[in-house]
Amino acid sequence: MKTVPVADCVWEIPPSEKPGMLVPARIYASEALLARMDEGVFEQVTNVACLPGIVRASLCMPDGHWGYGFPIGGVAAFRADTGVISPGGIGFDINCGMRVLRTSLTEAEVRPKLTALVDALFAAVPSGVGSKGFVHLSGDEFGEVMREGARWCVRRGFGWPEDLDATEGGGCLPGADPAQVSQRAVTRGRDQLGTLGSGNHYLEIQVVRPDGIHDPRVARVFGIEQPGQILVMLHCGSRGFGHQIGTDYLRTFDQVMRGYGIVVRDRELACAPFRSPEGQAYFAAMLAAANSAFANRQLITHRVREVMGRVFGRDPRDLGLGVIYDVCHNTAKLEHHPVDGEPLELVVHRKGATRAFGPGAPDVPAAYREVGQPVIIGGSMETGSALLVGTAHAMVETFGSTAHGAGRTMSRARAKRQVWGETLIKEMGERGIVVRAASKSGVAEEAGFAYKDLGEVVDVVHRLDISRRVVSLTPIGNIKG
Amino acid sequence: MGRHRFLESVAVADCAVEIEGDDLDDLFATAARVLAEVMVDPATIRMSVERSVELTASSLDLLLYDWLSELIYMKDSEQLVFPVTEVRVSDGSASRLTARLAGGAIDRATTELRADPKAVTFHQFVLEPCPGGWRARVVIDI
């Protein structure tokens, strides 16, 4: 497929490359990252370019890799009036996302208690196949979670009011409708609130690297003052509740889209017009799942505060355990962006892509309005993560979006053949990273060598100015499913 | 006896698998076994639960989608995994499945956990006849 360089780290596949493409496909990557992208990325990003109502271009971020439907790292915006919504552009793990907490602790203070801390967190935050959370809700209460998201948690004492200010959308996306959610989704997900899941989901104790503060002014706004400062990062989503909603509506769209005259190049791109009854029902159900994911991360935050308060014998507020930010990377949201000079209402799909709104943009919390929205890019469990900040350029270039992770380059099976989970845990321990995991084979699947170099992904988004590097982080404690 | 192989170059973050069965019954039972093996080491499940499942769909491939989705649903809603299934599939005006499932609960003290499947995707999803039986390709979101 012809991939043409159009600017530094920007590559385009013109519409002439595949019948049905309505817009070009645009891949953001260095030459090295582009060369390592698997063939599925090119097929999938051009398949998305064929969907009705897409505007400007079908985008793929530098951490892009072969997913299902959209590539992972895919961003596409569709006109709300004439375009579609597709579960394959969001993923089954609706509102999978990242949250990071600051602390006033230093590595020197945490190291002596690190093993006890990781053990206590592993016990308090259930992970892995078949895990259940610590809150048990009636159907009505779960309906409240669907509507209120993290606000429900704060109302019930599982959080601080200021946590909501530091969460995308205030931790509650309006428009969620429990009536559009199946009973199966409720039954499947109701007992999983407060659980991590498995795969690449994690809870990590991280430390600001010695040379890791790249933008001291913005870092200070985020509450990060010095190298050696401890942060807590978590990565998880809506668990079985969101997975079931995705399953239910993918099945629905697969059946109804022909009636709307829509033909897709990958069945996983099954979709419906956004303004159709099915499109609106899915959007309302998807928002319910997104709110449950905010609640999930809020409940885990509550557990982290309880555990750290106990382990360090101090009040969590005294430990400075405030939320820096909570951001989604698997959603579709109604947003306004200019297209050809005309402000349009768009359904912006981000699948494995992080919102990266710049200074002054709507929904950026007051505390960050001057500098831009915090962006959290999670790396592999061995190599570390990064905090960045959204930019004005992202608003015009990528509908306010950037990368979400390092991007996988190796299959899970191949990673498991290269290292035993127990061996990796031991090796990481020798390097000062304490790991506790529900599944040892799951640890092997998430080895650092299975991912691209996070530094290179961050370098590209920084060079493109679709988000700017602020702080680099190294894990010292890791809880995995 | 059904066969399977993982397709490592497809959707690297997920689990793509090609399954073959001597007939549809064999293919559906093999797909269930493979799914259970993706979730846990079946040898560490205490086989103490039996269930019956009946499903109807408008086509055979949707029946396979619904069958695997049902097994994933039971993993989350009841923490049950079923490595052994006996399946009867019929295809007429509608496609039907009746199955007897044998398995047990995930015991976090004794069960060796593997991956936690989220859903069956339609990406490259195929169910088709092949020489000697039936073949399916399924990508499971992990």
# chains A, B, ... in the order shown; residues from 1 in each chain; ligands from 1
>>> residues_around(residues="region 38-43 of chain A", least_positions_apart="5", cutoff="6 Å", atoms="only C-alpha atoms", output="MDAnalysis selection string")
chainID A and resid 65:66 71
>>> closest_atom_pairs(of="chain A", to="chain B", cutoff="7 Å", atoms="only C-alpha atoms", output="CSV")
residue,atom,partner,partner_atom,distance
A:Trp66,CA,B:Ala11,CA,4.8
A:Gly67,CA,B:Ala11,CA,5.0
A:Tyr68,CA,B:His123,CA,5.3
A:Gly69,CA,B:His123,CA,6.3
A:Phe92,CA,B:Ala119,CA,6.9
A:Gly128,CA,B:Asp116,CA,6.7
A:Val129,CA,B:Asp116,CA,5.0
A:Gly130,CA,B:Gln79,CA,4.9
A:Thr187,CA,B:Ser77,CA,6.0
A:Arg188,CA,B:Ser77,CA,4.3
A:Ser198,CA,B:Asp116,CA,5.8
A:Gly199,CA,B:Ile142,CA,6.2
A:Gly240,CA,B:Asp76,CA,6.5
A:His243,CA,B:Lys118,CA,5.6
A:Thr247,CA,B:Ala119,CA,6.5
A:Asp266,CA,B:His123,CA,6.2
A:Arg267,CA,B:Phe122,CA,5.5
A:Glu268,CA,B:Phe122,CA,4.5
A:Arg408,CA,B:Ala13,CA,6.4
A:Thr409,CA,B:Val12,CA,6.9
A:Met410,CA,B:Val12,CA,6.0
A:Ser411,CA,B:Val12,CA,4.3
A:Arg412,CA,B:Ala13,CA,6.7
A:Ala413,CA,B:Glu8,CA,6.9
A:Ala438,CA,B:Leu113,CA,6.7
A:Ser439,CA,B:Leu113,CA,5.1
A:Ser441,CA,B:Arg114,CA,6.1
A:Gly442,CA,B:Arg114,CA,6.1
>>> select_by_dssp(residues="region 50-205 of chain A", states="strand (DSSP E or B)", output="number ranges by chain")
A: 54, 58-65, 72-79, 84-85, 97-106, 167, 202-205
>>> select_by_dssp(residues="region 184-395 of chain A", states="helix (DSSP H, G or I)", output="JSON, numbers by chain")
{"A": [184, 185, 186, 187, 188, 189, 190, 191, 192, 216, 217, 218, 219, 220, 221, 239, 240, 241, 242, 243, 244, 245, 246, 247, 248, 249, 250, 251, 252, 253, 254, 255, 256, 257, 258, 259, 260, 267, 268, 269, 277, 278, 279, 280, 281, 282, 283, 284, 285, 286, 287, 288, 289, 290, 291, 292, 293, 294, 295, 296, 297, 298, 299, 300, 301, 302, 303, 304, 305, 306, 307, 308, 309, 310, 311, 312, 366, 367, 368, 392, 393, 394, 395]}
>>> residues_around(residues="Tyr260 (chain A)", least_positions_apart="4", cutoff="8 Å", atoms="only C-alpha atoms", output="PyMOL selection string")
chain A and resi 256+272-273
>>> write_last_selection(atoms="N, CA and C atoms", output="mmCIF file, in the first residue's frame")
data_model
loop_
_atom_site.group_PDB
_atom_site.id
_atom_site.type_symbol
_atom_site.label_atom_id
_atom_site.label_comp_id
_atom_site.auth_asym_id
_atom_site.auth_seq_id
_atom_site.Cartn_x
_atom_site.Cartn_y
_atom_site.Cartn_z
ATOM 1 N N VAL A 256 -28.353 -4.997 11.585
ATOM 2 C CA VAL A 256 -29.168 -3.876 11.070
ATOM 3 C C VAL A 256 -28.453 -3.034 10.020
ATOM 4 N N ALA A 272 -23.870 1.754 12.741
ATOM 5 C CA ALA A 272 -25.197 2.264 12.404
ATOM 6 C C ALA A 272 -25.102 3.782 12.373
ATOM 7 N N PRO A 273 -25.990 4.428 11.622
ATOM 8 C CA PRO A 273 -25.978 5.895 11.657
ATOM 9 C C PRO A 273 -26.089 6.376 13.108
#
>>> atom_distance(atom1="CA of Gly390 (chain A)", atom2="CA of Asp63 (chain A)")
16.8 Å
>>> atom_distance(atom1="CA of Pro365 (chain A)", atom2="CA of Ile324 (chain A)")
10.6 Å
>>> residues_around(residues="region 152-168 of chain A", least_positions_apart="5", cutoff="10 Å", atoms="only C-alpha atoms", output="JSON, numbers by chain")
{"A": [99, 100, 101, 141, 142, 144, 145, 146, 147, 173, 291, 292, 294, 295, 296, 297, 298, 299, 300, 301, 302, 303, 305, 317, 322, 323, 324, 325, 326, 327, 328, 355, 363, 364, 365, 366, 367, 368, 373, 374]}
>>> residues_around(residues="Ile377 (chain A)", least_positions_apart="4", cutoff="7 Å", atoms="only C-alpha atoms", output="number ranges by chain")
A: 385-387, 403-405
>>> residues_around(residues="Pro129 (chain B)", least_positions_apart="4", cutoff="10 Å", atoms="only C-alpha atoms", output="PyMOL selection string")
chain B and resi 20-24+133-136
